[in-house]
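The structure appears below as structure tokens.
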Amino acid sequence: MINDKKYLSLKELNRIPWLIHGFGLAGFKLEDLKADSRLASFQAVEMNQEHSTRVLLIEQPPESKISADGLITARPELFLIVKTADCLPVFLVDTKHRVVAALHGGWRGTGGRIAEAAFELMRKSFSTRPEGTLAALGPAIEARCYEVGQEVYDFFLRQDFPADGIFLSGDKPGHFYLDLRAANRWLLTRIIGLPAENIYSLELCTFCKPQLLSHRRQPADQTRLINFIGIRNIKY
Ligand SMILES: [Zn+2]
């Protein structure tokens, strides 16, 4: 699945003519997007990501970086950027109203239900409906590489997530393995109401794959994977 391209994409989303998206590999930079002449008119919108559940609707390109962990837009030629190194990048696509969202799904954002917050804002702003919405889950640290403590487990349960299917028990008491992908899948299907077949997933582990970046594997490395989604300015 990993080829000589600088980013990965999902073929099901590539079929939508007005949509463009990618999950960057290590070494892929924002400048690489700007270097592509077909994408020259796009402007990148970056966030100061804070592991919050703050989601903003972008109608104009902002003057400076904004503090948030999720962005939504219906405006063509913006790239919504999420930077990750183990956290899960989540894209939502309202295929009927041509709206996209990019979310930063670490344990705090996922457990705080950022996907639900984003969908709620899309529903209020654009009358987005679950059956017309696709979700794309990018590379992230997988459960068997992602040990967490009791406080993370308790946080998810306080937010009404089921432990079953989302946590595996660790070898020691108070140690668990968290499946970020499964937690977001649960939110998308059971809470938001997306049909399961509307969710596409790149099942790649950032910790295991050297082509990706992992905070747990290389804690001193501050570089992040660049994930992007945007709307092309076409009529059909
Ligand atoms: Zn792994």
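In the structure tokens, each chain is lettered A, B, ... as it comes, each chain's residues begin at 1, and ligands are numbered from 1 in order of appearance.
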
Surrounding residues as a list in words, ligand 1, max 9 Å, only C-alpha atoms and all ligand atoms: Ala140, Ile141, Glu142, Ala143, Arg144, Cys145, Tyr146, Leu204, Cys205, Thr206, Phe207, Cys208 and Lys209 of chain A

Produce a file of the selected residues containing N, CA, C and O atoms, as a CSV table (one decimal), in the first residue's frame.
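File written: selection.csv
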chain,number,residue,atom,x,y,z
A,140,ALA,N,-2.4,5.6,12.2
A,140,ALA,CA,-2.3,6.0,13.6
A,140,ALA,C,-1.6,4.9,14.3
A,140,ALA,O,-1.5,3.8,13.8
A,141,ILE,N,-1.3,5.1,15.6
A,141,ILE,CA,-0.7,4.0,16.4
A,141,ILE,C,-1.8,3.0,16.6
A,141,ILE,O,-2.9,3.3,17.0
A,142,GLU,N,-1.5,1.7,16.4
A,142,GLU,CA,-2.5,0.7,16.6
A,142,GLU,C,-2.6,0.2,18.0
A,142,GLU,O,-1.6,0.5,18.8
A,143,ALA,N,-3.6,-0.5,18.4
A,143,ALA,CA,-3.9,-0.8,19.8
A,143,ALA,C,-2.7,-1.5,20.4
A,143,ALA,O,-2.3,-1.2,21.5
A,144,ARG,N,-2.2,-2.5,19.7
A,144,ARG,CA,-1.2,-3.4,20.4
A,144,ARG,C,0.2,-2.6,20.6
A,144,ARG,O,1.0,-3.1,21.3
A,145,CYS,N,0.3,-1.5,20.0
A,145,CYS,CA,1.5,-0.6,20.2
A,145,CYS,C,1.2,0.5,21.1
A,145,CYS,O,2.1,1.4,21.4
A,146,TYR,N,0.0,0.7,21.7
A,146,TYR,CA,-0.4,1.9,22.3
A,146,TYR,C,-0.9,1.6,23.7
A,146,TYR,O,-2.1,1.5,24.0
A,204,LEU,N,-2.8,1.3,9.0
A,204,LEU,CA,-1.4,1.3,9.1
A,204,LEU,C,-1.0,1.9,10.4
A,204,LEU,O,-1.5,2.9,10.9
A,205,CYS,N,0.1,1.3,11.0
A,205,CYS,CA,0.5,1.7,12.4
A,205,CYS,C,1.7,2.6,12.3
A,205,CYS,O,2.7,2.2,11.7
A,206,THR,N,1.6,3.8,12.8
A,206,THR,CA,2.7,4.8,12.8
A,206,THR,C,3.9,4.3,13.5
A,206,THR,O,5.0,4.6,13.2
A,207,PHE,N,3.7,3.5,14.6
A,207,PHE,CA,4.8,3.0,15.4
A,207,PHE,C,5.5,1.9,14.7
A,207,PHE,O,6.8,1.8,14.8
A,208,CYS,N,4.9,1.1,13.9
A,208,CYS,CA,5.5,-0.1,13.2
A,208,CYS,C,6.1,0.3,11.9
A,208,CYS,O,7.0,-0.4,11.5
A,209,LYS,N,5.6,1.3,11.2
A,209,LYS,CA,6.0,1.5,9.8
A,209,LYS,C,7.1,2.7,9.8
A,209,LYS,O,6.7,3.8,10.2

Those in stretch 43-200 of chain A with alpha helix (DSSP H) from DSSP, as a ChimeraX atom specification: /A:107-111,114-126,150-158,180-186

Go ahead and dump the residues you just picked, C-alpha atoms, as an mmCIF file, in the first residue's frame.
data_model
loop_
_atom_site.group_PDB
_atom_site.id
_atom_site.type_symbol
_atom_site.label_atom_id
_atom_site.label_comp_id
_atom_site.auth_asym_id
_atom_site.auth_seq_id
_atom_site.Cartn_x
_atom_site.Cartn_y
_atom_site.Cartn_z
ATOM 1 C CA TRP A 107 -6.783 10.123 23.033
ATOM 2 C CA ARG A 108 -8.047 13.417 24.492
ATOM 3 C CA GLY A 109 -9.838 14.507 21.331
ATOM 4 C CA THR A 110 -11.211 11.063 20.577
ATOM 5 C CA GLY A 111 -12.294 10.486 24.189
ATOM 6 C CA ILE A 114 -14.387 15.548 18.749
ATOM 7 C CA ALA A 115 -15.968 13.607 15.860
ATOM 8 C CA GLU A 116 -19.398 14.144 17.400
ATOM 9 C CA ALA A 117 -18.693 17.870 17.948
ATOM 10 C CA ALA A 118 -17.624 18.217 14.315
ATOM 11 C CA PHE A 119 -20.618 16.385 12.932
ATOM 12 C CA GLU A 120 -22.971 18.426 15.103
ATOM 13 C CA LEU A 121 -21.510 21.659 13.711
ATOM 14 C CA MET A 122 -21.828 20.314 10.144
ATOM 15 C CA ARG A 123 -25.442 19.345 10.804
ATOM 16 C CA LYS A 124 -26.311 22.785 12.189
ATOM 17 C CA SER A 125 -24.447 24.698 9.471
ATOM 18 C CA PHE A 126 -25.184 22.617 6.365
ATOM 19 C CA GLN A 150 -5.915 3.924 34.149
ATOM 20 C CA GLU A 151 -6.640 7.663 33.724
ATOM 21 C CA VAL A 152 -7.139 7.248 29.981
ATOM 22 C CA TYR A 153 -9.385 4.236 30.478
ATOM 23 C CA ASP A 154 -11.440 6.100 33.105
ATOM 24 C CA PHE A 155 -11.733 9.179 30.879
ATOM 25 C CA PHE A 156 -13.266 7.177 28.031
ATOM 26 C CA LEU A 157 -15.704 5.402 30.313
ATOM 27 C CA ARG A 158 -16.804 8.712 31.838
ATOM 28 C CA LEU A 180 -8.158 4.944 18.675
ATOM 29 C CA ARG A 181 -9.502 3.689 15.351
ATOM 30 C CA ALA A 182 -12.145 1.536 17.036
ATOM 31 C CA ALA A 183 -13.133 4.356 19.402
ATOM 32 C CA ASN A 184 -13.719 6.731 16.481
ATOM 33 C CA ARG A 185 -15.518 4.038 14.515
ATOM 34 C CA TRP A 186 -17.827 3.523 17.493
#

One-decimal distance in Å that lies between atom CA of A:His104 and atom CA of A:Leu57: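 Between these atoms lies a distance of 14.8 Å.
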
Atom CA of A:Lys172 to atom CA of A:Asp160, distance in Å rounded to a single decimal: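 Computing the Euclidean distance for atom CA of A:Lys172 and atom CA of A:Asp160 yields 23.9 Å.
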
Filtered DSSP result for stretch 42-73 of chain A, state strand (DSSP E), as JSON, numbers by chain: {"A": [43, 44, 45, 47, 48, 55, 56, 57, 58, 66, 67, 70, 71, 72, 73]}

Spatial neighbours of stretch 65-82 of chain A, 6 Å, only C-alpha atoms, chain gap at least 6 places, as a ChimeraX atom specification: /A:42-49,52,54-58,99-104,227-233

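What separates atom CA of A:Ser9 from atom CA of A:Leu88 is a distance of 14.6 Å.
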
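Taking only C-alpha atoms into account, A:Arg216 lies nearest to A:Ala85 out of the set A:Leu30, A:Leu39, A:Ala85, A:Leu13.
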
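Using only C-alpha atoms, the residues found no farther than 6 Å from A:Phe167, other than those of its own chain fewer than 2 positions away, are A:Ala163, A:Gly165, A:Tyr177, A:Leu178.
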